[in-house]
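Student: The structure file entry_25.cif (mmCIF, C-alpha atoms) is provided below.
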```cif
data_coords
#
loop_
_atom_site.label_atom_id
_atom_site.label_comp_id
_atom_site.auth_asym_id
_atom_site.auth_seq_id
_atom_site.Cartn_x
_atom_site.Cartn_y
_atom_site.Cartn_z
CA MET A 43 -44.08 63.30 132.76
CA THR A 44 -45.52 62.12 135.99
CA THR A 45 -48.39 63.82 137.66
CA LEU A 46 -47.69 64.19 141.28
CA VAL A 47 -50.93 65.84 142.17
CA THR A 48 -54.20 63.95 142.05
CA PRO A 49 -56.69 65.86 139.90
CA ALA A 50 -59.36 67.58 141.82
CA VAL A 51 -62.07 66.44 139.43
CA PRO A 52 -61.78 62.81 138.25
CA GLY A 53 -62.64 62.07 134.61
CA PRO A 54 -65.73 60.23 133.38
CA GLY A 55 -63.99 56.88 133.41
CA GLN A 56 -63.60 56.80 137.14
CA GLY A 57 -60.01 57.84 137.06
CA GLU A 58 -57.30 56.30 134.95
CA PRO A 59 -56.86 52.61 134.31
CA PRO A 60 -54.09 51.14 136.36
CA GLY A 61 -50.74 51.22 134.65
CA ALA A 62 -51.61 53.91 132.08
CA ALA A 63 -49.64 57.08 131.88
CA PRO A 64 -51.41 59.58 134.09
CA SER A 65 -51.44 62.24 131.34
CA LEU A 66 -53.36 60.03 128.88
CA ARG A 67 -56.99 60.75 128.38
CA PRO A 68 -59.48 57.94 128.64
CA GLY A 69 -59.81 55.79 125.54
CA MET A 70 -56.41 56.86 124.17
CA LEU A 71 -53.43 54.55 123.77
CA PRO A 72 -49.85 55.77 123.99
CA GLY A 73 -48.83 57.31 120.70
CA MET A 74 -52.31 58.30 119.59
CA ILE A 75 -53.09 61.82 118.60
CA PRO A 76 -56.16 63.19 120.34
CA PRO A 77 -58.82 64.08 117.77
CA ASP A 78 -59.05 67.62 119.02
CA ALA A 79 -55.30 68.12 119.23
CA GLN A 80 -54.17 71.41 117.78
CA ALA A 81 -51.66 71.21 114.94
CA PRO A 82 -48.41 72.73 116.06
CA ARG A 83 -48.53 75.20 113.18
CA PRO A 84 -50.93 76.01 110.38
CA ARG A 85 -51.01 73.36 107.66
CA ARG A 86 -48.86 74.27 104.66
CA SER A 87 -50.33 74.43 101.19
CA TRP A 88 -50.09 71.48 98.76
CA GLY A 89 -47.63 73.35 96.61
CA ARG A 90 -45.28 74.02 99.50
CA ARG A 91 -45.43 70.49 100.85
CA ASN A 92 -44.50 69.09 97.40
CA ALA A 93 -42.12 71.87 96.45
CA VAL A 94 -39.12 69.56 96.15
CA TRP A 95 -40.89 67.20 93.75
CA LEU A 96 -42.36 70.03 91.75
CA VAL A 97 -38.85 71.36 91.18
CA LEU A 98 -37.51 67.90 90.36
CA LEU A 99 -40.29 67.08 87.87
CA PRO A 100 -39.14 69.32 84.99
CA ILE A 101 -35.56 68.22 85.61
CA ALA A 102 -36.67 64.57 85.39
CA ILE A 103 -38.50 65.29 82.11
CA VAL A 104 -35.39 66.90 80.65
CA VAL A 105 -33.23 63.98 81.78
CA ALA A 106 -35.68 61.42 80.34
CA ALA A 107 -35.85 63.25 77.00
CA GLY A 108 -32.07 63.50 76.92
CA ALA A 109 -31.69 59.81 77.70
CA SER A 110 -33.84 58.83 74.71
CA SER A 111 -32.37 61.46 72.40
CA PHE A 112 -29.68 59.04 71.23
CA ARG A 113 -32.21 57.92 68.66
CA VAL A 114 -31.93 61.27 66.90
CA TRP A 115 -28.22 60.99 66.21
CA ALA A 116 -28.18 57.21 65.92
CA PHE A 117 -31.03 56.77 63.46
CA TRP A 118 -32.12 60.09 61.93
CA TRP A 119 -29.11 62.42 61.88
CA PRO A 120 -26.68 60.30 59.84
CA VAL A 121 -29.27 59.30 57.22
CA GLY A 122 -29.91 62.18 54.86
CA LEU A 123 -28.65 65.70 54.34
CA HIS A 124 -29.38 67.27 57.73
CA HIS A 125 -26.42 69.51 58.43
CA GLU A 126 -25.83 72.44 56.11
CA VAL A 127 -22.19 73.40 56.56
CA ASP A 128 -22.03 76.09 53.89
CA ARG A 129 -24.44 78.14 51.78
CA VAL A 130 -23.29 80.21 48.83
CA ALA A 131 -24.66 81.73 45.65
CA LEU A 132 -24.37 80.15 42.21
CA GLY A 133 -20.79 80.47 40.94
CA GLU A 134 -19.22 80.86 44.38
CA PRO A 135 -17.11 78.13 46.00
CA ALA A 136 -18.52 76.25 48.97
CA HIS A 137 -16.42 74.29 51.43
CA LEU A 138 -17.84 70.91 52.39
CA ALA A 139 -16.15 69.26 55.36
CA GLY A 140 -17.49 66.21 57.13
CA GLU A 141 -16.32 63.03 58.75
CA TYR A 142 -17.29 59.53 57.70
CA TYR A 143 -16.35 56.06 58.81
CA ASP A 144 -14.57 54.03 56.16
CA ALA A 145 -15.49 50.44 56.97
CA PHE A 146 -13.71 48.59 54.18
CA GLY A 147 -11.10 50.90 52.66
CA LEU A 148 -12.03 49.72 49.15
CA ASP A 149 -10.12 52.36 47.18
CA VAL A 150 -7.59 53.34 49.87
CA PRO A 151 -6.83 50.25 51.98
CA GLU A 152 -4.95 52.15 54.71
CA ARG A 153 -8.17 54.06 55.53
CA ALA A 154 -10.05 50.84 56.40
CA GLN A 155 -11.88 51.04 59.73
CA THR A 156 -10.89 54.61 60.41
CA THR A 157 -12.81 57.86 60.62
CA VAL A 158 -11.86 60.07 57.68
CA LEU A 159 -12.31 63.82 57.29
CA ARG A 160 -13.48 64.64 53.78
CA GLU A 161 -12.89 68.22 52.61
CA ILE A 162 -14.01 69.37 49.19
CA ASP A 163 -14.38 72.79 47.60
CA ALA A 164 -17.30 72.76 45.18
CA THR A 165 -18.68 75.43 42.87
CA VAL A 166 -21.91 75.03 40.95
CA THR A 167 -21.11 76.94 37.78
CA SER A 168 -24.39 76.51 35.91
CA VAL A 169 -27.83 74.93 36.05
CA GLU A 170 -29.34 74.79 32.56
CA GLN A 171 -32.35 73.12 31.06
CA VAL A 172 -31.35 70.86 28.14
CA ASP A 173 -33.29 69.38 25.23
CA GLN A 174 -31.58 66.03 25.14
CA LEU A 175 -29.34 63.85 27.25
CA PRO A 176 -25.86 62.74 26.16
CA ALA A 177 -25.14 59.09 25.52
CA PRO A 178 -24.42 57.25 28.77
CA GLU A 179 -21.14 55.46 29.43
CA TYR A 180 -22.97 52.16 29.56
CA GLY A 181 -26.31 51.05 28.17
CA ASP A 182 -28.84 52.49 25.76
CA PRO A 183 -29.35 56.21 25.13
CA VAL A 184 -31.85 57.80 27.50
CA VAL A 185 -34.63 59.91 26.00
CA ILE A 186 -36.17 62.60 28.19
CA PRO A 187 -39.57 61.10 29.07
CA ASP A 188 -42.78 62.84 28.08
CA GLY A 189 -43.94 65.05 30.92
CA SER A 190 -40.42 65.72 32.18
CA VAL A 191 -37.69 68.30 31.61
CA ALA A 192 -33.96 67.72 32.08
CA TYR A 193 -31.41 69.97 33.75
CA ALA A 194 -27.64 69.85 33.36
CA VAL A 195 -25.84 70.80 36.57
CA GLN A 196 -22.17 71.73 36.18
CA VAL A 197 -20.00 71.49 39.26
CA HIS A 198 -16.33 72.35 39.64
CA PHE A 199 -14.46 70.47 42.39
CA ALA A 200 -11.14 70.95 44.13
CA ALA A 201 -9.86 68.48 46.72
CA GLU A 202 -6.80 66.54 47.80
CA LEU A 203 -5.96 63.53 45.69
CA ARG A 204 -7.73 60.33 46.66
CA THR A 205 -10.66 62.08 48.32
CA ASP A 206 -13.58 59.66 48.53
CA LEU A 207 -16.44 60.71 46.22
CA SER A 208 -18.88 57.82 46.66
CA LEU A 209 -22.54 58.36 47.60
CA CYS A 210 -22.43 61.74 45.85
CA GLN A 211 -25.81 63.44 45.66
CA ILE A 212 -26.51 66.48 43.46
CA THR A 213 -30.09 67.48 44.21
CA LEU A 214 -32.20 70.24 42.70
CA VAL A 215 -34.61 71.68 45.24
CA ALA A 216 -37.76 73.37 44.00
CA GLU A 217 -39.56 76.25 45.61
CA ASP A 218 -42.12 73.86 47.17
CA GLY A 219 -39.39 71.68 48.70
CA THR A 220 -39.52 68.89 46.10
CA ARG A 221 -36.10 67.24 45.77
CA TYR A 222 -35.24 66.24 42.21
CA GLY A 223 -32.42 63.81 41.65
CA ASP A 224 -31.52 63.05 45.28
CA SER A 225 -30.60 59.50 44.34
CA THR A 226 -26.92 58.61 44.26
CA THR A 227 -27.53 57.31 40.71
CA ASP A 228 -28.24 59.89 38.02
CA VAL A 229 -30.59 59.68 35.07
CA LEU A 230 -27.84 58.24 32.85
CA GLY A 231 -27.17 55.42 35.27
CA SER A 232 -23.94 56.81 36.71
CA SER A 233 -23.59 55.81 40.34
CA ASN A 234 -20.61 58.11 40.92
CA ARG A 235 -22.04 61.51 40.16
CA CYS A 236 -19.13 63.59 41.51
CA SER A 237 -16.49 61.78 39.44
CA THR A 238 -15.56 62.35 35.83
CA PRO A 239 -16.93 59.65 33.49
CA GLU A 240 -13.49 58.20 32.84
CA ALA A 241 -12.58 57.92 36.51
CA GLU A 242 -11.80 54.47 37.87
CA GLY A 243 -12.88 53.81 41.42
CA PHE A 244 -14.52 56.22 43.80
CA VAL A 245 -11.64 58.56 44.75
CA SER A 246 -10.48 61.77 43.11
CA GLU A 247 -7.58 61.48 40.68
CA GLN A 248 -6.85 65.15 39.97
CA PRO A 249 -6.57 68.21 42.21
CA GLU A 250 -9.37 69.93 40.28
CA TRP A 251 -12.04 68.55 38.01
CA GLU A 252 -15.43 69.30 36.56
CA VAL A 253 -18.57 67.17 36.25
CA THR A 254 -21.95 67.59 34.59
CA SER A 255 -24.85 65.71 36.16
CA PHE A 256 -28.29 65.41 34.59
CA VAL A 257 -31.51 65.57 36.59
CA LEU A 258 -35.15 65.09 35.53
CA ALA A 259 -37.72 67.52 36.90
CA ASP A 260 -41.36 68.49 36.51
CA PRO A 261 -41.90 71.02 33.71
CA GLY A 262 -43.41 73.67 35.97
CA ALA A 263 -40.90 73.34 38.81
CA GLU A 264 -39.10 76.48 39.94
CA ILE A 265 -35.63 75.34 40.97
CA THR A 266 -34.26 77.50 43.77
CA GLN A 267 -31.34 75.50 45.24
CA VAL A 268 -28.73 72.89 44.48
CA ARG A 269 -27.70 70.64 47.36
CA LEU A 270 -24.47 68.69 47.29
CA GLY A 271 -23.61 65.98 49.77
CA PHE A 272 -22.15 62.51 50.20
CA GLY A 273 -24.94 60.68 51.98
CA GLY A 274 -25.03 63.19 54.81
CA PRO A 275 -25.50 64.57 57.28
CA GLU A 276 -23.18 67.38 56.04
CA HIS A 277 -24.05 69.12 52.80
CA VAL A 278 -23.66 72.48 51.08
CA THR A 279 -26.37 74.57 49.45
CA PHE A 280 -26.05 76.73 46.34
CA GLU A 281 -28.76 79.31 45.93
CA LEU A 282 -29.89 80.01 42.40
CA PRO A 283 -30.67 83.59 41.40
CA MET B 192 -50.47 64.25 109.51
CA ARG B 193 -46.93 64.76 108.30
CA HIS B 194 -45.77 61.38 109.52
CA GLY B 195 -47.95 59.18 107.37
CA ARG B 196 -50.76 58.52 109.77
CA ARG B 197 -53.71 58.80 107.44
CA ARG B 198 -57.16 57.56 107.99
CA ILE B 199 -58.83 55.45 105.33
CA THR B 200 -62.03 57.28 104.47
CA TRP B 201 -64.94 56.49 102.22
CA LYS B 202 -64.17 59.58 100.21
CA GLY B 203 -60.58 58.59 99.53
CA THR B 204 -61.53 55.01 98.70
CA ALA B 205 -64.18 56.16 96.25
CA LEU B 206 -61.68 58.50 94.60
CA VAL B 207 -59.08 55.77 94.00
CA VAL B 208 -61.58 53.12 92.85
CA GLY B 209 -63.28 55.67 90.62
CA ALA B 210 -60.02 56.76 89.00
CA VAL B 211 -58.95 53.17 88.31
CA THR B 212 -62.37 52.34 86.87
CA ALA B 213 -62.35 55.40 84.65
CA GLY B 214 -58.85 54.55 83.37
CA CYS B 215 -59.82 50.98 82.56
CA ALA B 216 -62.95 52.18 80.78
CA LEU B 217 -60.96 54.63 78.66
CA VAL B 218 -58.43 52.01 77.61
CA THR B 219 -61.12 49.40 76.91
CA TYR B 220 -63.73 51.39 75.08
CA LEU B 221 -61.82 54.09 73.20
CA PRO B 222 -60.66 52.81 69.78
CA GLN B 223 -57.08 53.78 70.56
CA ASP B 224 -55.17 51.46 68.22
CA ALA B 225 -57.48 52.09 65.30
CA GLY B 226 -57.33 55.83 65.76
CA VAL B 227 -53.57 55.91 65.99
CA ASP B 228 -52.60 53.30 63.43
CA THR B 229 -55.17 53.42 60.63
CA PRO B 230 -53.71 54.43 57.27
CA PHE B 231 -55.25 57.23 55.22
CA ILE B 232 -57.06 55.24 52.54
CA VAL B 233 -57.47 56.91 49.15
CA GLU B 234 -59.99 54.99 47.06
CA GLY B 235 -60.17 55.07 43.30
CA GLU B 236 -60.76 53.23 40.05
CA VAL B 237 -58.66 52.00 37.17
CA GLY B 238 -57.51 54.99 35.10
CA GLU B 239 -57.94 57.52 37.90
CA THR B 240 -54.89 59.40 39.23
CA LEU B 241 -54.79 59.33 43.02
CA ASP B 242 -52.89 61.81 45.19
CA LEU B 243 -51.10 60.04 48.06
CA THR B 244 -49.20 63.23 49.12
CA TYR B 245 -45.85 61.45 48.64
CA ALA B 246 -46.75 60.35 45.09
CA LYS B 247 -49.36 60.38 42.40
CA LEU B 248 -50.52 56.91 41.41
CA THR B 249 -52.45 55.73 38.37
CA VAL B 250 -53.48 52.13 37.77
CA THR B 251 -53.56 52.19 33.99
CA GLU B 252 -54.67 48.68 33.10
CA VAL B 253 -55.78 45.41 34.67
CA ARG B 254 -55.44 42.15 32.76
CA VAL B 255 -55.94 38.47 33.54
CA ALA B 256 -53.53 35.79 32.31
CA ASP B 257 -52.99 32.06 32.62
CA THR B 258 -49.36 32.36 31.67
CA LEU B 259 -46.74 35.04 32.12
CA THR B 260 -43.72 35.08 29.85
CA GLY B 261 -40.61 36.95 30.86
CA LEU B 262 -37.18 37.28 29.30
CA SER B 263 -35.84 34.14 30.88
CA GLU B 264 -38.83 32.25 32.23
CA ALA B 265 -42.53 31.59 31.85
CA ALA B 266 -44.88 31.16 34.79
CA ALA B 267 -48.17 29.23 34.86
CA ALA B 268 -50.79 30.39 37.32
CA GLY B 269 -52.10 28.19 40.11
CA GLY B 270 -55.37 30.08 39.79
CA THR B 271 -55.11 32.96 37.37
CA PHE B 272 -52.75 35.92 37.25
CA VAL B 273 -54.21 39.37 37.80
CA VAL B 274 -51.73 41.71 36.07
CA VAL B 275 -51.88 45.31 37.32
CA ASP B 276 -50.06 48.05 35.40
CA ALA B 277 -49.41 51.10 37.60
CA THR B 278 -47.61 54.41 37.19
CA TRP B 279 -45.90 56.12 40.13
CA ARG B 280 -44.88 59.77 40.15
CA ALA B 281 -43.07 60.71 43.37
CA THR B 282 -43.75 64.24 44.62
CA GLN B 283 -41.35 64.85 47.55
CA GLY B 284 -38.07 63.02 47.02
CA GLN B 285 -36.74 59.62 46.11
CA THR B 286 -39.35 57.14 47.35
CA SER B 287 -39.59 53.37 47.49
CA PHE B 288 -43.05 51.92 47.02
CA GLY B 289 -43.00 48.67 48.94
CA GLY B 290 -46.67 47.79 49.38
CA ALA B 291 -48.71 45.84 46.82
CA GLU B 292 -51.49 43.34 47.49
CA VAL B 293 -54.85 42.25 46.15
CA THR B 294 -57.76 41.87 48.56
CA ASP B 295 -60.88 39.91 47.61
CA ARG B 296 -64.44 40.30 48.89
CA GLN B 297 -63.86 37.74 51.66
CA GLY B 298 -60.93 39.79 52.95
CA ARG B 299 -58.31 37.32 51.74
CA ARG B 300 -55.03 38.97 50.80
CA PHE B 301 -52.77 38.00 47.89
CA TRP B 302 -49.19 39.21 47.61
CA PRO B 303 -47.45 39.82 44.29
CA THR B 304 -45.14 37.38 42.54
CA ASN B 305 -41.76 38.28 41.12
CA GLN B 306 -41.96 35.60 38.43
CA ALA B 307 -41.54 36.39 34.72
CA GLY B 308 -40.33 39.95 35.21
CA CYS B 309 -43.20 41.12 37.44
CA SER B 310 -42.36 43.68 40.12
CA THR B 311 -43.20 43.40 43.79
CA SER B 312 -42.09 46.97 44.57
CA ALA B 313 -40.94 50.13 42.81
CA SER B 314 -38.71 53.13 43.43
CA ALA B 315 -38.96 56.53 41.78
CA GLN B 316 -37.98 60.18 42.16
CA PRO B 317 -39.92 63.35 41.42
CA GLY B 318 -39.69 64.63 37.87
CA TYR B 319 -40.86 61.58 35.95
CA ALA B 320 -43.49 58.86 35.94
CA TRP B 321 -42.37 55.30 36.53
CA ARG B 322 -44.29 52.35 35.13
CA THR B 323 -44.47 49.13 37.16
CA THR B 324 -46.28 45.84 36.56
CA TYR B 325 -47.51 43.77 39.50
CA CYS B 326 -48.79 40.20 39.08
CA PHE B 327 -50.98 38.36 41.61
CA ASP B 328 -51.88 34.68 41.43
CA VAL B 329 -55.49 34.44 42.72
CA PRO B 330 -58.18 31.72 42.77
CA ARG B 331 -61.37 31.98 40.75
CA ASP B 332 -63.59 33.05 43.66
CA ALA B 333 -61.28 35.99 44.46
CA LEU B 334 -61.80 37.78 41.15
CA ALA B 335 -65.19 39.43 41.55
CA GLY B 336 -64.94 42.71 43.43
CA ALA B 337 -61.23 42.42 44.11
CA THR B 338 -59.23 45.55 44.97
CA VAL B 339 -55.52 46.30 44.74
CA ARG B 340 -53.81 48.11 47.62
CA LEU B 341 -50.66 50.08 46.71
CA ALA B 342 -48.55 52.25 49.03
CA ARG B 343 -44.99 53.22 49.89
CA GLY B 344 -45.21 51.31 53.17
CA GLY B 345 -44.86 47.54 53.00
CA GLN B 346 -47.99 45.57 53.89
CA SER B 347 -46.31 42.90 56.08
CA GLU B 348 -48.68 40.74 58.13
CA ASP B 349 -50.86 43.49 59.59
CA HIS B 350 -50.07 46.47 57.32
CA ALA B 351 -47.58 47.61 59.94
CA GLY B 352 -45.52 49.59 57.44
CA GLN B 353 -48.54 51.60 56.33
CA ARG B 354 -49.68 53.02 59.67
CA ARG B 355 -50.56 56.72 59.65
CA ASP B 356 -49.61 56.93 55.97
CA ALA B 357 -51.50 57.29 52.71
CA VAL B 358 -52.56 54.06 51.02
CA ALA B 359 -54.34 53.66 47.68
CA VAL B 360 -57.12 51.08 47.36
CA ILE B 361 -58.24 50.68 43.76
CA ASP B 362 -61.25 48.68 42.62
CA LEU B 363 -60.14 46.38 39.81
CA GLY B 364 -63.60 46.66 38.28
CA ILE B 365 -64.26 42.92 37.91
CA THR B 366 -67.99 42.21 38.16
CA PRO B 367 -69.37 38.72 39.03
CA SER B 368 -70.73 38.32 35.49
CA GLU B 369 -67.25 38.80 34.00
CA VAL B 370 -65.59 36.17 36.16
CA ASP B 371 -66.47 33.18 33.97
CA THR B 372 -65.16 34.82 30.81
CA LEU B 373 -61.95 35.93 32.52
CA TRP B 374 -61.38 32.53 34.06
CA GLU B 375 -61.94 30.58 30.82
CA ALA B 376 -59.82 32.86 28.63
CA GLU B 377 -56.37 31.50 27.87
CA GLU B 378 -54.32 34.65 27.88
CA THR B 379 -50.58 35.02 27.88
CA VAL B 380 -49.10 38.30 29.09
CA SER B 381 -45.50 39.47 28.83
CA PRO B 382 -44.97 41.99 31.64
CA GLU B 383 -42.97 45.01 30.53
CA ALA B 384 -39.84 45.83 32.47
CA PRO B 385 -40.22 48.86 34.77
CA GLY B 386 -39.38 52.12 33.03
CA TYR B 387 -40.42 55.66 32.19
CA ALA B 388 -44.12 55.82 31.49
CA PRO B 389 -45.56 57.50 28.39
CA ALA B 390 -47.41 60.74 29.00
CA SER B 391 -50.74 59.09 28.16
CA ALA B 392 -50.32 56.70 31.10
CA GLY B 393 -50.20 59.23 33.88
CA GLY B 394 -46.79 60.41 32.77
CA SER B 395 -47.64 64.08 32.57
CA GLU B 396 -47.31 66.19 35.65
CA GLY B 397 -50.45 66.47 37.72
#
```
Since I need it in another form, could you write the structure as structure tokens?

Tutor:
Amino acid sequence: MTTLVTPAVPGPGQGEPPGAAPSLRPGMLPGMIPPDAQAPRPRRSWGRRNAVWLVLLPIAIVVAAGASSFRVWAFWWPVGLHHEVDRVALGEPAHLAGEYYDAFGLDVPERAQTTVLREIDATVTSVEQVDQLPAPEYGDPVVIPDGSVAYAVQVHFAAELRTDLSLCQITLVAEDGTRYGDSTTDVLGSSNRCSTPEAEGFVSEQPEWEVTSFVLADPGAEITQVRLGFGGPEHVTFELP
Amino acid sequence: MRHGRRRITWKGTALVVGAVTAGCALVTYLPQDAGVDTPFIVEGEVGETLDLTYAKLTVTEVRVADTLTGLSEAAAAGGTFVVVDATWRATQGQTSFGGAEVTDRQGRRFWPTNQAGCSTSASAQPGYAWRTTYCFDVPRDALAGATVRLARGGQSEDHAGQRRDAVAVIDLGITPSEVDTLWEAEETVSPEAPGYAPASAGGSEG
């Protein structure tokens, strides 16, 4: 804007320097904001000025947590019995269904390098304390150690022929959460706890069969559950009365 | 002010410099690593049953031997073998006990040998006590005041596997006056294979 009228009262600097915009005050360069300039509107609060970022922050936290959550399913979830697919009382059938990746196809070659759905109906028919252990298939007889008691767990299975039974775990869970016998090898040295002793290989050979697995426990333990799984994460729980 | 024209003030400068200084001081002077990584040390003696939350541990006997004889081999010590008989009773679930080392008064660390049937680790489940024999080849000046450190976490170079976890440190009970006798004695020990422990050796529950 050009001032066409000479001001009636010249400023302290004897007028304006030659060449400067007539509206500029002395000591100010073009583009400067005069120190006493009024803000065009009242200054907004900190929260309002940063509203966008405040909204984005929780979203960013959720996205970051989600991006690192792959560790849960990659490292924790598949290792151990973490997914209870069925829970029944003693004597009732439970349906265990879960997928696993068959890397080698040892017993069933055509399953090699495929994902297999394993479906088994299992019924825990009895959990009894026993005074002695039967002779194992291989090796020396096992005596129940001093300071331990032994339980016999009877399980009835029904599944399609050639269902993979390796990594079978039959675990007794005590009231305080202690897990007895969660190894895939039982006290008699059998590493195929869901198969009958005479079975060859790790797949089922009959449509229905029965196994007895022996587990050592502390004498005072109050057994409340039986867990059955094949390495996890899927498993079924049988609640004892 | 909305368009980024901000004046550098003494107040703002002091705020930034102060915050950076305070942050550096916190990182430098607070014992962060130690506080986060230190294991929970449970100290005890030979014959005492220690509660490590994941297991109960009893060191039942400590022997010294020049020679170890196993089923298929015999091993002669470079120094002398310290043979530590221990009993593990897991309390939560199946547990592997991977850490075993002897520490002497100078802070030197000796790892176990697997010669002549000695174990370097153990694995047990709740419901029974499991006996394990560890053997350490140590020099004469390591005997007096030596301790054995047993845990489920492996010791590795800097006890990395034992961070934030319970670790047992047991005094082997060797006094300086006993060192000469132990060193001169020509003992031969046949380490027992790992197995169920008798009730008298920490086998009973609790």

Student: What is the CA of Gln196 (chain A) to CA of Ser255 (chain A) distance in Å?

Tutor: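 Computing the Euclidean distance for CA of Gln196 (chain A) and CA of Ser255 (chain A) yields 6.6 Å.
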
Student: Pull out every residue of chain A sitting within 6 Å of chain B, counting only C-alpha atoms, and send them as a list of chain:residue names.

Tutor: A:Asp188, A:Gly189, A:Ser190, A:Thr220, A:Arg221, A:Tyr222, A:Leu258, A:Ala259, A:Asp260

Student: Taking the file as shown, what set of residues would the PyMOL selection byres ((chain B and resi 270) around 9) give back, as a list in words?

Tutor: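 This file gives the following for the PyMOL selection byres ((chain B and resi 270) around 9): Asp257, Ala267, Ala268, Gly269, Thr271, Phe272, Asp328, Val329, Pro330, Arg331 and Trp374 of chain B.
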
Student: Using the chain letters and residue numbers of this document, give as a PyMOL selection string the residues selected by the PyMOL selection byres ((chain B and resi 248-251) around 9).

Tutor: chain B and resi 236-243+246-247+252-253+275-281+341+359+361+392-393

Student: Apply the PyMOL selection byres ((chain A and resi 264) around 12) to the file shown and report the selected residues as a PDB file with C-alpha atoms, keeping the file's coordinate frame.

Tutor:
```pdb
ATOM      1  CA  GLN A 171     -32.350  73.120  31.060  1.00  0.00           C
ATOM      2  CA  VAL A 191     -37.690  68.300  31.610  1.00  0.00           C
ATOM      3  CA  TYR A 193     -31.410  69.970  33.750  1.00  0.00           C
ATOM      4  CA  LEU A 214     -32.200  70.240  42.700  1.00  0.00           C
ATOM      5  CA  VAL A 215     -34.610  71.680  45.240  1.00  0.00           C
ATOM      6  CA  ALA A 216     -37.760  73.370  44.000  1.00  0.00           C
ATOM      7  CA  GLU A 217     -39.560  76.250  45.610  1.00  0.00           C
ATOM      8  CA  ASP A 218     -42.120  73.860  47.170  1.00  0.00           C
ATOM      9  CA  GLY A 219     -39.390  71.680  48.700  1.00  0.00           C
ATOM     10  CA  THR A 220     -39.520  68.890  46.100  1.00  0.00           C
ATOM     11  CA  ARG A 221     -36.100  67.240  45.770  1.00  0.00           C
ATOM     12  CA  TYR A 222     -35.240  66.240  42.210  1.00  0.00           C
ATOM     13  CA  ALA A 259     -37.720  67.520  36.900  1.00  0.00           C
ATOM     14  CA  ASP A 260     -41.360  68.490  36.510  1.00  0.00           C
ATOM     15  CA  PRO A 261     -41.900  71.020  33.710  1.00  0.00           C
ATOM     16  CA  GLY A 262     -43.410  73.670  35.970  1.00  0.00           C
ATOM     17  CA  ALA A 263     -40.900  73.340  38.810  1.00  0.00           C
ATOM     18  CA  ILE A 265     -35.630  75.340  40.970  1.00  0.00           C
ATOM     19  CA  THR A 266     -34.260  77.500  43.770  1.00  0.00           C
ATOM     20  CA  GLN A 267     -31.340  75.500  45.240  1.00  0.00           C
ATOM     21  CA  VAL A 268     -28.730  72.890  44.480  1.00  0.00           C
ATOM     22  CA  LEU A 282     -29.890  80.010  42.400  1.00  0.00           C
ATOM     23  CA  PRO A 283     -30.670  83.590  41.400  1.00  0.00           C
TER      24      PRO A 283
END
```
